[in-house]
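Peer 1: I'm passing along protein.cif; it holds mmCIF, C-alpha atoms and all ligand atoms.
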```cif
data_run
loop_
_atom_site.label_atom_id
_atom_site.label_comp_id
_atom_site.auth_asym_id
_atom_site.auth_seq_id
_atom_site.Cartn_x
_atom_site.Cartn_y
_atom_site.Cartn_z
CA MET A 21 -5.17 -18.41 17.40
CA MET A 22 -2.45 -15.87 18.08
CA GLU A 23 -3.47 -12.81 20.06
CA THR A 24 -3.80 -9.65 18.01
CA LYS A 25 -1.33 -7.00 19.08
CA ILE A 26 -2.71 -3.59 19.88
CA LEU A 27 -0.83 -0.45 20.78
CA LEU A 28 -2.62 1.88 23.18
CA VAL A 29 -1.42 5.47 23.43
CA ASP A 30 -2.72 7.86 26.10
CA ASP A 31 -1.00 10.32 28.39
CA GLU A 32 -3.58 9.77 31.15
CA GLU A 33 -2.49 6.79 33.17
CA GLY A 34 -5.99 6.04 34.48
CA ILE A 35 -7.51 5.72 31.01
CA CYS A 36 -4.61 3.59 29.89
CA GLN A 37 -5.15 1.16 32.74
CA VAL A 38 -8.91 0.82 32.29
CA LEU A 39 -8.64 0.41 28.52
CA SER A 40 -5.83 -2.11 28.85
CA ILE A 41 -8.06 -4.32 30.95
CA SER A 42 -11.01 -4.04 28.53
CA LEU A 43 -8.76 -4.81 25.56
CA ALA A 44 -7.09 -7.75 27.26
CA ASP A 45 -10.58 -9.08 28.07
CA LEU A 46 -11.40 -8.85 24.39
CA GLY A 47 -8.39 -11.06 23.68
CA TYR A 48 -5.73 -8.54 22.64
CA LYS A 49 -2.10 -8.44 23.55
CA VAL A 50 -1.84 -4.85 24.76
CA TYR A 51 1.20 -2.58 24.56
CA THR A 52 0.98 0.90 26.10
CA ALA A 53 2.75 4.19 25.54
CA ASP A 54 2.20 7.51 27.33
CA CYS A 55 3.31 9.74 24.48
CA ALA A 56 3.64 9.72 20.68
CA ALA A 57 7.43 9.40 20.70
CA GLU A 58 7.28 6.31 22.89
CA ALA A 59 4.41 4.98 20.73
CA LEU A 60 6.50 5.28 17.57
CA ARG A 61 9.38 3.46 19.21
CA ILE A 62 7.13 0.56 20.17
CA PHE A 63 5.32 0.66 16.82
CA ARG A 64 8.58 0.21 14.95
CA GLU A 65 9.49 -2.71 17.20
CA ILE A 66 6.28 -4.73 17.17
CA ASP A 67 4.40 -3.43 14.09
CA PRO A 68 0.90 -3.91 15.53
CA PRO A 69 -2.03 -4.13 13.10
CA ILE A 70 -4.15 -1.84 15.28
CA VAL A 71 -3.28 1.35 17.20
CA LEU A 72 -5.62 3.11 19.59
CA THR A 73 -4.51 6.64 20.35
CA ASP A 74 -5.66 9.71 22.19
CA ILE A 75 -5.90 12.78 19.98
CA LYS A 76 -4.82 15.39 22.48
CA MET A 77 -1.42 14.73 23.97
CA PRO A 78 1.43 16.97 25.03
CA GLY A 79 4.23 17.14 22.46
CA MET A 80 3.41 15.34 19.25
CA ASP A 81 -0.38 14.93 19.18
CA GLY A 82 -2.50 12.01 18.02
CA LEU A 83 -3.06 13.46 14.58
CA GLU A 84 0.64 13.72 13.88
CA LEU A 85 1.16 10.24 15.27
CA LEU A 86 -1.56 8.94 12.94
CA ARG A 87 0.14 10.46 9.92
CA GLU A 88 3.54 9.12 10.92
CA ILE A 89 2.17 5.62 11.45
CA LYS A 90 0.34 5.69 8.11
CA ARG A 91 3.58 6.77 6.53
CA LEU A 92 5.46 3.87 8.14
CA ASP A 93 2.78 1.29 7.39
CA PRO A 94 -0.32 2.44 5.49
CA GLU A 95 -2.12 -0.78 6.35
CA THR A 96 -2.23 -0.08 10.09
CA GLU A 97 -5.70 0.55 11.47
CA VAL A 98 -5.61 3.57 13.75
CA ILE A 99 -8.57 4.31 16.05
CA MET A 100 -8.63 7.79 17.57
CA ILE A 101 -9.82 8.61 21.11
CA SER A 102 -11.31 12.07 21.25
CA GLY A 103 -12.35 14.21 24.18
CA HIS A 104 -15.48 16.28 24.29
CA GLY A 105 -14.12 19.42 22.73
CA ASP A 106 -12.05 17.96 19.92
CA MET A 107 -14.71 16.83 17.46
CA ASN A 108 -13.04 18.82 14.71
CA LEU A 109 -9.77 17.06 15.26
CA ALA A 110 -11.56 13.72 15.22
CA ILE A 111 -13.16 14.47 11.89
CA LYS A 112 -9.87 15.70 10.52
CA SER A 113 -8.28 12.42 11.55
CA LEU A 114 -10.70 10.54 9.30
CA LYS A 115 -9.28 12.49 6.41
CA TYR A 116 -5.90 11.08 7.28
CA GLU A 117 -7.43 7.65 7.11
CA ALA A 118 -8.06 6.89 10.74
CA THR A 119 -10.29 3.84 10.95
CA ASP A 120 -12.77 5.32 13.40
CA PHE A 121 -12.93 7.44 16.51
CA VAL A 122 -14.40 6.83 19.97
CA THR A 123 -15.28 9.59 22.38
CA LYS A 124 -14.44 9.83 26.03
CA PRO A 125 -15.74 8.50 28.35
CA ILE A 126 -15.24 5.35 26.33
CA LYS A 127 -18.10 2.89 26.34
CA ASP A 128 -17.17 -0.77 25.81
CA GLU A 129 -19.80 -1.05 23.13
CA ALA A 130 -18.41 1.86 21.07
CA LEU A 131 -14.89 0.48 21.43
CA GLU A 132 -16.00 -2.93 20.22
CA ILE A 133 -17.71 -1.44 17.18
CA ALA A 134 -14.56 0.52 16.27
CA LEU A 135 -12.38 -2.59 16.71
CA LYS A 136 -14.80 -4.64 14.64
CA ARG A 137 -14.45 -2.12 11.85
CA ALA A 138 -10.69 -2.33 12.09
CA HIS A 139 -10.81 -6.11 11.82
CA GLU A 140 -13.19 -6.00 8.93
CA LYS A 141 -10.84 -3.72 7.04
CA ILE A 142 -7.87 -5.94 7.82
CA GLY A 143 -9.79 -9.03 6.71
CA LEU A 144 -10.91 -7.39 3.52
CA ARG A 145 -7.41 -6.29 2.70
CA LYS A 146 -6.13 -9.82 3.27
CA LYS A 147 -8.79 -11.24 0.98
CA ILE A 148 -8.00 -8.76 -1.76
CA LYS A 149 -4.32 -9.54 -1.46
CA GLN A 150 -4.96 -13.29 -1.68
CA HIS A 151 -7.16 -12.67 -4.65
CA THR A 152 -4.66 -10.56 -6.53
CA ASP A 153 -1.87 -12.97 -5.65
CA ASN A 154 -3.88 -15.84 -7.06
CA LEU A 155 -4.81 -13.84 -10.08
CA GLU A 156 -1.22 -12.81 -10.70
CA GLN A 157 -0.08 -16.40 -10.39
CA LEU A 158 -2.78 -17.54 -12.75
CA VAL A 159 -2.04 -14.86 -15.34
CA ASP A 160 1.66 -15.54 -14.97
CA LYS A 161 1.21 -19.24 -15.51
CA LYS A 162 -1.13 -18.78 -18.45
CA THR A 163 1.00 -16.20 -20.25
CA ARG A 164 4.16 -18.19 -19.66
CA ARG A 165 2.56 -21.30 -21.08
CA LEU A 166 1.09 -19.37 -24.00
CA LEU A 167 4.33 -17.57 -24.78
CA ASP A 168 6.38 -20.73 -24.58
CA GLY A 169 4.08 -22.60 -26.89
CA GLU A 170 3.51 -19.77 -29.32
CA ARG A 171 7.12 -18.80 -29.51
CA ARG A 172 8.21 -22.34 -30.16
CA ILE A 173 5.62 -22.73 -32.92
CA ALA A 174 6.53 -19.35 -34.45
CA VAL A 175 10.25 -20.08 -34.39
CA GLY A 176 9.63 -23.55 -35.77
CA GLN A 177 7.53 -22.18 -38.63
CA THR A 178 10.12 -19.54 -39.47
CA MET A 179 12.87 -22.14 -39.51
CA ALA A 180 10.83 -24.49 -41.69
CA GLY A 181 10.02 -21.66 -44.12
CA LEU A 182 13.61 -20.50 -44.24
CA SER A 183 14.92 -23.96 -44.78
CA HIS A 184 12.48 -24.40 -47.68
CA VAL A 185 13.60 -21.15 -49.31
CA LEU A 186 17.28 -21.92 -48.83
CA ARG A 187 16.80 -25.41 -50.23
CA ASN A 188 15.23 -23.87 -53.35
CA ILE A 189 18.13 -21.49 -53.80
CA ALA A 190 20.64 -24.27 -53.20
CA GLY A 191 18.77 -26.34 -55.77
CA GLY A 192 19.04 -23.48 -58.25
CA LEU A 193 22.76 -23.10 -57.58
CA GLU A 194 23.34 -26.84 -57.92
CA GLY A 195 21.65 -26.74 -61.29
CA SER A 196 23.77 -23.85 -62.46
CA VAL A 197 26.97 -25.50 -61.22
CA PHE A 198 26.01 -28.60 -63.20
CA ILE A 199 25.45 -26.56 -66.39
CA LEU A 200 28.70 -24.63 -65.82
CA GLU A 201 30.70 -27.84 -65.38
CA LYS A 202 29.12 -29.38 -68.45
CA GLY A 203 29.92 -26.23 -70.42
CA MET A 204 33.57 -26.31 -69.33
CA GLU A 205 33.83 -30.02 -69.97
CA LEU A 206 32.42 -29.69 -73.47
CA ASP A 207 33.96 -26.28 -74.00
CA ASN A 208 30.45 -25.01 -74.78
CA LYS A 209 30.18 -21.26 -74.30
CA GLN A 210 26.37 -21.37 -74.51
CA TYR A 211 26.22 -23.69 -71.50
CA ILE A 212 28.70 -21.58 -69.58
CA LEU A 213 26.70 -18.39 -70.16
CA GLN A 214 23.45 -20.07 -69.23
CA GLY A 215 24.97 -21.49 -66.04
CA TRP A 216 26.44 -18.13 -65.19
CA GLU A 217 23.05 -16.38 -65.57
CA THR A 218 21.45 -18.84 -63.17
CA VAL A 219 24.24 -18.26 -60.64
CA LYS A 220 23.55 -14.52 -60.80
CA VAL A 221 19.79 -14.98 -60.31
CA ASN A 222 20.37 -17.11 -57.24
CA VAL A 223 22.96 -14.75 -55.77
CA GLU A 224 20.37 -11.99 -56.18
CA LYS A 225 17.83 -14.18 -54.40
CA ILE A 226 20.14 -14.69 -51.44
CA ARG A 227 20.83 -10.97 -51.27
CA ASN A 228 17.11 -10.12 -51.29
CA LEU A 229 16.37 -12.80 -48.75
CA SER A 230 18.93 -11.45 -46.33
CA LEU A 231 17.63 -7.90 -46.82
CA ASP A 232 14.08 -9.09 -46.20
CA LEU A 233 15.08 -10.95 -43.08
CA LEU A 234 16.85 -7.86 -41.81
CA LYS A 235 13.79 -5.76 -42.49
CA TYR A 236 11.72 -8.36 -40.70
CA ALA A 237 14.05 -8.37 -37.70
CA LYS A 238 14.30 -4.65 -37.09
CA PRO A 239 12.38 -1.69 -38.45
CA ASP A 240 14.50 1.22 -39.60
CA TYR A 241 13.04 4.40 -38.18
CA GLY A 242 16.18 6.39 -38.94
CA ASN A 243 15.62 6.41 -42.69
CA TYR A 244 12.38 8.34 -42.94
CA ARG A 245 12.70 11.48 -45.01
CA LEU A 246 10.71 13.84 -47.19
CA CYS A 247 10.47 12.32 -50.66
CA ASP A 248 8.56 12.64 -53.87
CA PRO A 249 6.09 9.75 -53.48
CA ASN A 250 6.28 9.07 -57.24
CA LYS A 251 10.05 8.55 -57.13
CA PRO A 252 10.07 4.96 -55.82
CA VAL A 253 7.42 4.05 -58.42
CA LYS A 254 9.59 5.37 -61.23
CA ASP A 255 12.65 3.55 -59.87
CA VAL A 256 10.82 0.24 -59.66
CA ILE A 257 9.33 0.63 -63.14
CA ASP A 258 12.81 1.28 -64.54
CA LEU A 259 14.00 -1.84 -62.83
CA LEU A 260 11.17 -4.08 -64.02
CA LYS A 261 10.52 -2.71 -67.49
CA PRO A 262 13.00 -4.99 -69.29
CA ARG A 263 11.54 -8.06 -67.66
CA ALA A 264 7.96 -6.96 -68.43
CA GLU A 265 8.77 -6.22 -72.06
CA HIS A 266 10.60 -9.48 -72.40
CA ASN A 267 7.38 -11.23 -71.38
CA GLY A 268 5.11 -9.07 -73.52
CA ILE A 269 3.56 -7.25 -70.58
CA VAL A 270 2.90 -3.52 -70.64
CA LEU A 271 3.58 -1.52 -67.48
CA LYS A 272 1.23 1.47 -67.57
CA THR A 273 1.63 4.35 -65.13
CA ASP A 274 -0.76 7.05 -64.07
CA LEU A 275 1.19 9.16 -61.58
CA SER A 276 -0.50 12.11 -59.91
CA SER A 277 1.21 15.46 -60.34
CA GLU A 278 -0.51 16.86 -57.26
CA LEU A 279 1.53 14.95 -54.74
CA ARG A 280 3.63 17.00 -52.37
CA PRO A 281 6.80 15.62 -50.75
CA HIS A 282 5.83 13.02 -48.19
CA ARG A 283 7.69 11.74 -45.16
CA LEU A 284 8.38 8.07 -45.83
CA GLU A 285 11.11 5.48 -45.84
CA PRO A 286 12.03 5.31 -49.56
CA GLU A 287 13.88 1.96 -49.42
CA GLY A 288 10.93 0.37 -47.65
CA ILE A 289 8.36 1.75 -50.09
CA HIS A 290 10.65 0.73 -52.96
CA ARG A 291 10.67 -2.82 -51.55
CA CYS A 292 6.85 -2.82 -51.29
CA LEU A 293 6.28 -1.59 -54.84
CA LEU A 294 8.91 -3.96 -56.20
CA ASN A 295 7.09 -6.89 -54.66
CA LEU A 296 3.58 -5.77 -55.61
CA ILE A 297 4.53 -5.09 -59.22
CA THR A 298 6.57 -8.30 -59.46
CA ASN A 299 3.56 -10.20 -58.13
CA ALA A 300 1.38 -8.48 -60.72
CA LEU A 301 3.80 -9.48 -63.49
CA ASP A 302 3.93 -13.07 -62.25
CA ALA A 303 0.14 -13.18 -62.13
CA SER A 304 -0.14 -11.74 -65.65
CA LEU A 305 2.38 -14.23 -66.97
CA THR A 306 0.47 -17.25 -65.78
CA ALA A 307 -2.89 -15.88 -66.90
CA SER A 308 -4.67 -16.62 -70.16
CA SER A 309 -3.26 -14.94 -73.21
CA GLU A 310 -5.98 -12.30 -73.62
CA ALA A 311 -4.55 -8.87 -74.40
CA SER A 312 -6.05 -7.16 -71.36
CA SER A 313 -4.34 -9.64 -69.07
CA LYS A 314 -0.97 -8.40 -70.30
CA GLU A 315 -1.35 -5.00 -68.75
CA VAL A 316 -0.35 -3.85 -65.29
CA ILE A 317 -1.45 -0.38 -64.24
CA ILE A 318 0.39 1.50 -61.52
CA SER A 319 -1.18 4.71 -60.29
CA THR A 320 -0.64 7.20 -57.49
CA GLY A 321 -3.05 9.71 -56.04
CA LYS A 322 -3.83 12.07 -53.22
CA VAL A 323 -6.04 10.94 -50.35
CA ASP A 324 -8.50 13.36 -48.73
CA ASP A 325 -6.39 14.19 -45.71
CA GLY A 326 -3.23 14.75 -47.74
CA GLY A 327 -2.08 11.17 -47.63
CA VAL A 328 -0.72 9.20 -50.59
CA GLU A 329 -2.29 6.26 -52.37
CA TYR A 330 -0.53 3.67 -54.52
CA ARG A 331 -2.53 1.27 -56.69
CA ILE A 332 -1.26 -1.75 -58.58
CA GLU A 333 -3.83 -3.34 -60.83
CA ASP A 334 -3.36 -6.49 -62.84
CA HIS A 335 -5.64 -8.68 -64.95
CA GLY A 336 -3.77 -11.82 -64.12
CA VAL A 337 -4.74 -15.11 -62.52
CA GLY A 338 -6.38 -13.58 -59.45
CA MET A 339 -6.79 -15.44 -56.18
CA ASP A 340 -9.36 -17.78 -54.71
CA GLU A 341 -10.62 -17.42 -51.12
CA GLU A 342 -8.11 -19.86 -49.69
CA ILE A 343 -5.14 -17.97 -51.13
CA LYS A 344 -6.58 -14.60 -50.13
CA GLU A 345 -6.57 -15.64 -46.51
CA LYS A 346 -2.89 -16.53 -46.52
CA VAL A 347 -1.20 -13.94 -48.72
CA PHE A 348 0.28 -11.96 -45.83
CA ASN A 349 1.60 -15.05 -44.02
CA SER A 350 5.33 -15.54 -43.99
CA PHE A 351 6.63 -18.13 -46.46
CA PHE A 352 3.25 -18.56 -48.11
CA SER A 353 3.78 -18.85 -51.83
CA THR A 354 2.10 -20.57 -54.74
CA LYS A 355 5.20 -20.13 -56.89
CA GLY A 356 7.15 -23.16 -55.74
CA ALA A 357 10.88 -22.72 -56.00
CA MET A 358 10.42 -19.28 -57.58
CA GLY A 359 8.87 -17.57 -54.55
CA THR A 360 10.01 -17.10 -50.98
CA GLY A 361 6.57 -16.09 -49.76
CA LEU A 362 8.12 -13.27 -47.78
CA GLY A 363 7.17 -10.49 -50.20
CA LEU A 364 3.71 -9.55 -48.97
CA MET A 365 4.59 -10.19 -45.34
CA ILE A 366 7.46 -7.71 -45.51
CA THR A 367 5.32 -5.32 -47.56
CA LYS A 368 2.66 -5.32 -44.87
CA ARG A 369 5.28 -4.77 -42.19
CA VAL A 370 6.69 -1.74 -43.95
CA ILE A 371 3.22 -0.27 -44.45
CA ASP A 372 2.32 -0.94 -40.81
CA GLU A 373 5.47 0.89 -39.79
CA HIS A 374 4.32 3.83 -41.86
CA ARG A 375 1.00 3.60 -39.98
CA GLY A 376 -0.51 3.01 -43.39
CA ILE A 377 -3.06 0.63 -44.83
CA ILE A 378 -2.60 -2.15 -47.37
CA LYS A 379 -5.63 -3.85 -48.89
CA PHE A 380 -6.51 -5.78 -52.00
CA GLU A 381 -9.37 -6.96 -54.11
CA SER A 382 -8.99 -10.06 -56.17
CA GLU A 383 -11.07 -12.46 -58.16
CA LYS A 384 -9.88 -15.72 -59.56
CA GLY A 385 -9.42 -15.51 -63.32
CA ILE A 386 -10.21 -11.77 -63.37
CA GLY A 387 -7.33 -10.02 -61.64
CA THR A 388 -6.07 -8.28 -58.56
CA THR A 389 -5.70 -4.73 -57.30
CA PHE A 390 -3.50 -3.89 -54.35
CA THR A 391 -3.87 -0.49 -52.68
CA ILE A 392 -1.50 1.16 -50.23
CA ILE A 393 -2.48 4.29 -48.35
CA LEU A 394 0.12 6.25 -46.42
CA PRO A 395 -1.29 8.77 -43.96
CA ARG A 396 -0.09 12.35 -43.97
CA ILE A 397 0.50 12.66 -40.27
CA PHE A 398 3.43 10.60 -39.31
CA PRO A 399 5.16 9.76 -36.03
CA TYR A 400 8.81 9.32 -36.98
N1 LIG B 1 -1.24 -9.87 -57.90
C1 LIG B 1 -1.42 -11.15 -57.53
N2 LIG B 1 -2.20 -11.96 -58.25
C2 LIG B 1 -2.41 -13.24 -57.86
N3 LIG B 1 -1.85 -13.79 -56.77
C3 LIG B 1 -1.07 -13.03 -55.99
C4 LIG B 1 -0.82 -11.67 -56.32
N4 LIG B 1 -0.03 -11.15 -55.37
C5 LIG B 1 0.21 -12.16 -54.48
N5 LIG B 1 -0.41 -13.29 -54.87
C6 LIG B 1 -0.38 -14.58 -54.14
O1 LIG B 1 0.14 -14.39 -52.86
C7 LIG B 1 1.28 -15.24 -52.64
C8 LIG B 1 2.24 -14.55 -51.70
O2 LIG B 1 2.83 -13.42 -52.30
P1 LIG B 1 4.25 -12.91 -51.79
O3 LIG B 1 4.63 -11.73 -52.56
O4 LIG B 1 4.17 -12.81 -50.31
O5 LIG B 1 5.18 -14.15 -52.09
P2 LIG B 1 5.72 -14.67 -53.50
O6 LIG B 1 5.47 -13.62 -54.54
O7 LIG B 1 5.16 -16.00 -53.73
O8 LIG B 1 7.26 -14.81 -53.23
P3 LIG B 1 8.31 -13.58 -53.07
O9 LIG B 1 8.83 -13.73 -51.68
O10 LIG B 1 9.34 -13.85 -54.09
O11 LIG B 1 7.57 -12.31 -53.24
C9 LIG B 1 1.80 -15.49 -54.03
O12 LIG B 1 2.55 -16.70 -54.08
C10 LIG B 1 0.51 -15.58 -54.84
O13 LIG B 1 -0.09 -16.84 -54.69
MG MG B 2 6.02 -11.65 -54.27
#
```
Let's see the structure in the file written out as structure tokens.
Peer 2:
Amino acid sequence: MMETKILLVDDEEGICQVLSISLADLGYKVYTADCAAEALRIFREIDPPIVLTDIKMPGMDGLELLREIKRLDPETEVIMISGHGDMNLAIKSLKYEATDFVTKPIKDEALEIALKRAHEKIGLRKKIKQHTDNLEQLVDKKTRRLLDGERRIAVGQTMAGLSHVLRNIAGGLEGSVFILEKGMELDNKQYILQGWETVKVNVEKIRNLSLDLLKYAKPDYGNYRLCDPNKPVKDVIDLLKPRAEHNGIVLKTDLSSELRPHRLEPEGIHRCLLNLITNALDASLTASSEASSKEVIISTGKVDDGGVEYRIEDHGVGMDEEIKEKVFNSFFSTKGAMGTGLGLMITKRVIDEHRGIIKFESEKGIGTTFTIILPRIFPY
């Protein structure tokens, strides 16, 4: 085993000599200095793990030396040698993280106990370091493996979902091109108009998809502003009314007049309501033909703490447990080529960004109610 280096600092030559012999006997490689300045020079050169220093010395004293050494290398164990009268100094040195102190005249036994303490501390520190190193390596390895795997799966799923959606849109466009060509070939205006309508629907789909993907990629914190919370509801109703009427569905509204302007991102909330109400219409369309199932009720209200609540209630097909679990997943849709399955995922994202809550209750064959709650206090 390599000898442990020890630096011995004392201005009294006699003490230095005696201690050097004792320390060498104990197996140390001893370096000596007769003042603090010399001690620092040697310390910088050999960086010993243990320093043994007199407290009282002319010039820079042991206490100052201790502090300087701890500053240079906090892991150095410094044992102080104190004379009879400097108990206070010795105690003070402990505050500056001296390992121990031995009093003059130095007994071998006391010196050995102090050195043992120093070694114990060094050993402990080494163990802790090994431990944390191992732990760091382990955590590093685990997280890297996890991230790699998870990221690859996530990217793969996104790609698969996207490809599915794009294939649907391409399919739609192919169909419309076919009808358009037939219409031109036969000079049939009906065909041409029909083909043209389908082109427009699919162009709209691509536009919405790209907007959704953008929203998914980066939240837009810059667009939050004070708005009438009922405004996006009215806009969306205006937008969807023709489609609802065309399908014999009544859009009923019950908008609270108590709502004060609320800080929100209007485009985001518009997107959420558009999807929730569209979903409600789709669900009502595929439901049985009972009159009540042809009604979608959209209401707003005040929440206790001044927040805003949106509710969209339909009496459509409802959802079974399996569907309920997946509704917020990206690209989950039961609508085949008609749905991208991004709607609720984006909706949830927007509401999360608002630090809000989105929840729903649904029963198969009975209907569904989605509720959004936006809190009053808001970070952006
Ligand atoms: N009100 C509802 N009633 C019944 N099922 C619903 C309702 N809302 C959502 N769902 C179910 O959740 C699925 C996911 O909805 P989401 O809005 O995310 O996608 P989508 O409507 O299928 O497609 P899009 O991306 O065009 O919105 C739907 O396909 C449907 O099965
Ligand atoms: Mg939808």
Peer 1: Record the distance separating CA of Asp106 in chain A and CA of Leu28 in chain A, expressed in Å with one decimal.
Peer 2: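 Atom-to-atom, CA of Asp106 in chain A to CA of Leu28 in chain A, that is 18.9 Å.
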Peer 1: What do you get as a ChimeraX atom specification if you pick all residues at most 9 Å from ligand LIG 1 (chain B), counting only C-alpha atoms and all ligand atoms?
Peer 2: /A:225,229,232,294-304,332-340,343-344,346-356,358-367,380,382-384,387-390
Peer 1: Just checking: using only C-alpha atoms and all ligand atoms, which residue out of A:Ser276, A:Ser42, A:Asn243, A:Asn228 ends up closest to ligand MG 2 (chain B)?
Peer 2: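 The shortest atom-to-atom distance to ligand MG 2 (chain B) comes from A:Asn228.
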Peer 1: One decimal, Å: what's the distance from CA of Ile226 in chain A over to CA of Asp255 in chain A, could you say?
Peer 2: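 Going from CA of Ile226 in chain A over to CA of Asp255 in chain A covers 21.4 Å.
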Peer 1: Pick from A:Arg172, A:Glu224, A:Leu46, A:Thr24: nearest to Ile66 in chain A, with all atoms listed in the file counted?
Peer 2: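 So, comparing all the options, the nearest one is A:Thr24.
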Peer 1: May I have the residues within 12 Å of Leu279 in chain A as a list in words, using all atoms listed in the file and disregarding those fewer than 2 positions away in the same chain?
Peer 2: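 Contacts, in chain order: Leu246, Cys247, Asp248, Pro249, Asn250, Lys251, Leu275, Ser276, Ser277, Pro281, His282, Arg283, Ser319, Thr320, Gly321, Lys322, Val323, Asp324, Gly326, Gly327, Val328, Glu329, Tyr330 and Arg396 of chain A.
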Peer 1: Given the choices A:Ile397, A:Ile99, A:Cys292, A:Ile378, which gets closest to ligand MG 2 (chain B) if the distance is worked out from all atoms listed in the file?
Peer 2: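 Under the stated criterion, the closest residue is A:Cys292.
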Peer 1: Quick one: residues within 7 Å of range 117-121 of chain A, only C-alpha atoms, excluding same-chain residues fewer than 2 positions away - as a PyMOL selection string?
Peer 2: chain A and resi 97-102+110+113-115+123+134+138
Peer 1: What separation in Å, quoted to one decimal, exists between CA of Ile75 in chain A and CA of Val29 in chain A?
Peer 2: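 A separation of 9.2 Å between them.
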Peer 1: Which is closer to Arg61 in chain A than all the others in A:Glu33, A:Ser40, A:Leu27, A:Gln210, using only C-alpha atoms?
Peer 2: A:Leu27
Peer 1: Using 8 Å of padding on each side, determine the axis-aligned box around all atoms of range 243-262 of chain A present in the file and give its centre and edge lengths in Å to one decimal, as AutoDock Vina command-line options.
Peer 2:
```
--center_x 10.9 --center_y 4.4 --center_z -56.0 --size_x 25.5 --size_y 34.8 --size_z 42.6
```
Peer 1: Might you pull out every residue within 10 Å of range 87-91 of chain A, with all atoms listed in the file counted and same-chain residues fewer than 2 positions away left off, and present them as a list in words?
Peer 2: Ala56, Ala59, Leu60, Phe63, Arg64, Asp67, Val71, Gly82, Leu83, Glu84, Leu85, Asp93, Pro94, Glu95, Thr96, Glu97, Val98, Ser113, Tyr116, Glu117 and Ala118 of chain A
Peer 1: Can you work out which one of A:Asp74, A:Asp168, A:Glu315, A:Glu156 has the shortest atom-to-atom distance to Pro125 in chain A, counting all atoms listed in the file?
Peer 2: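 When distances to Pro125 in chain A are compared using all atoms listed in the file, the smallest one comes from A:Asp74.
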Peer 1: If we count all atoms listed in the file, what is near Gly376 in chain A at a cut-off of 7 Å, once residues fewer than 5 positions away on the same chain are taken out, given as a list in words?
Peer 2: Ile371, Ile393, Leu394 and Pro395 of chain A
Peer 1: Counting only C-alpha atoms, which residue out of A:Lys25, A:Arg165, A:Lys254, A:His374 sits closest to Asp240 in chain A?
Peer 2: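 Using only C-alpha atoms, Asp240 in chain A sits closest to A:His374.
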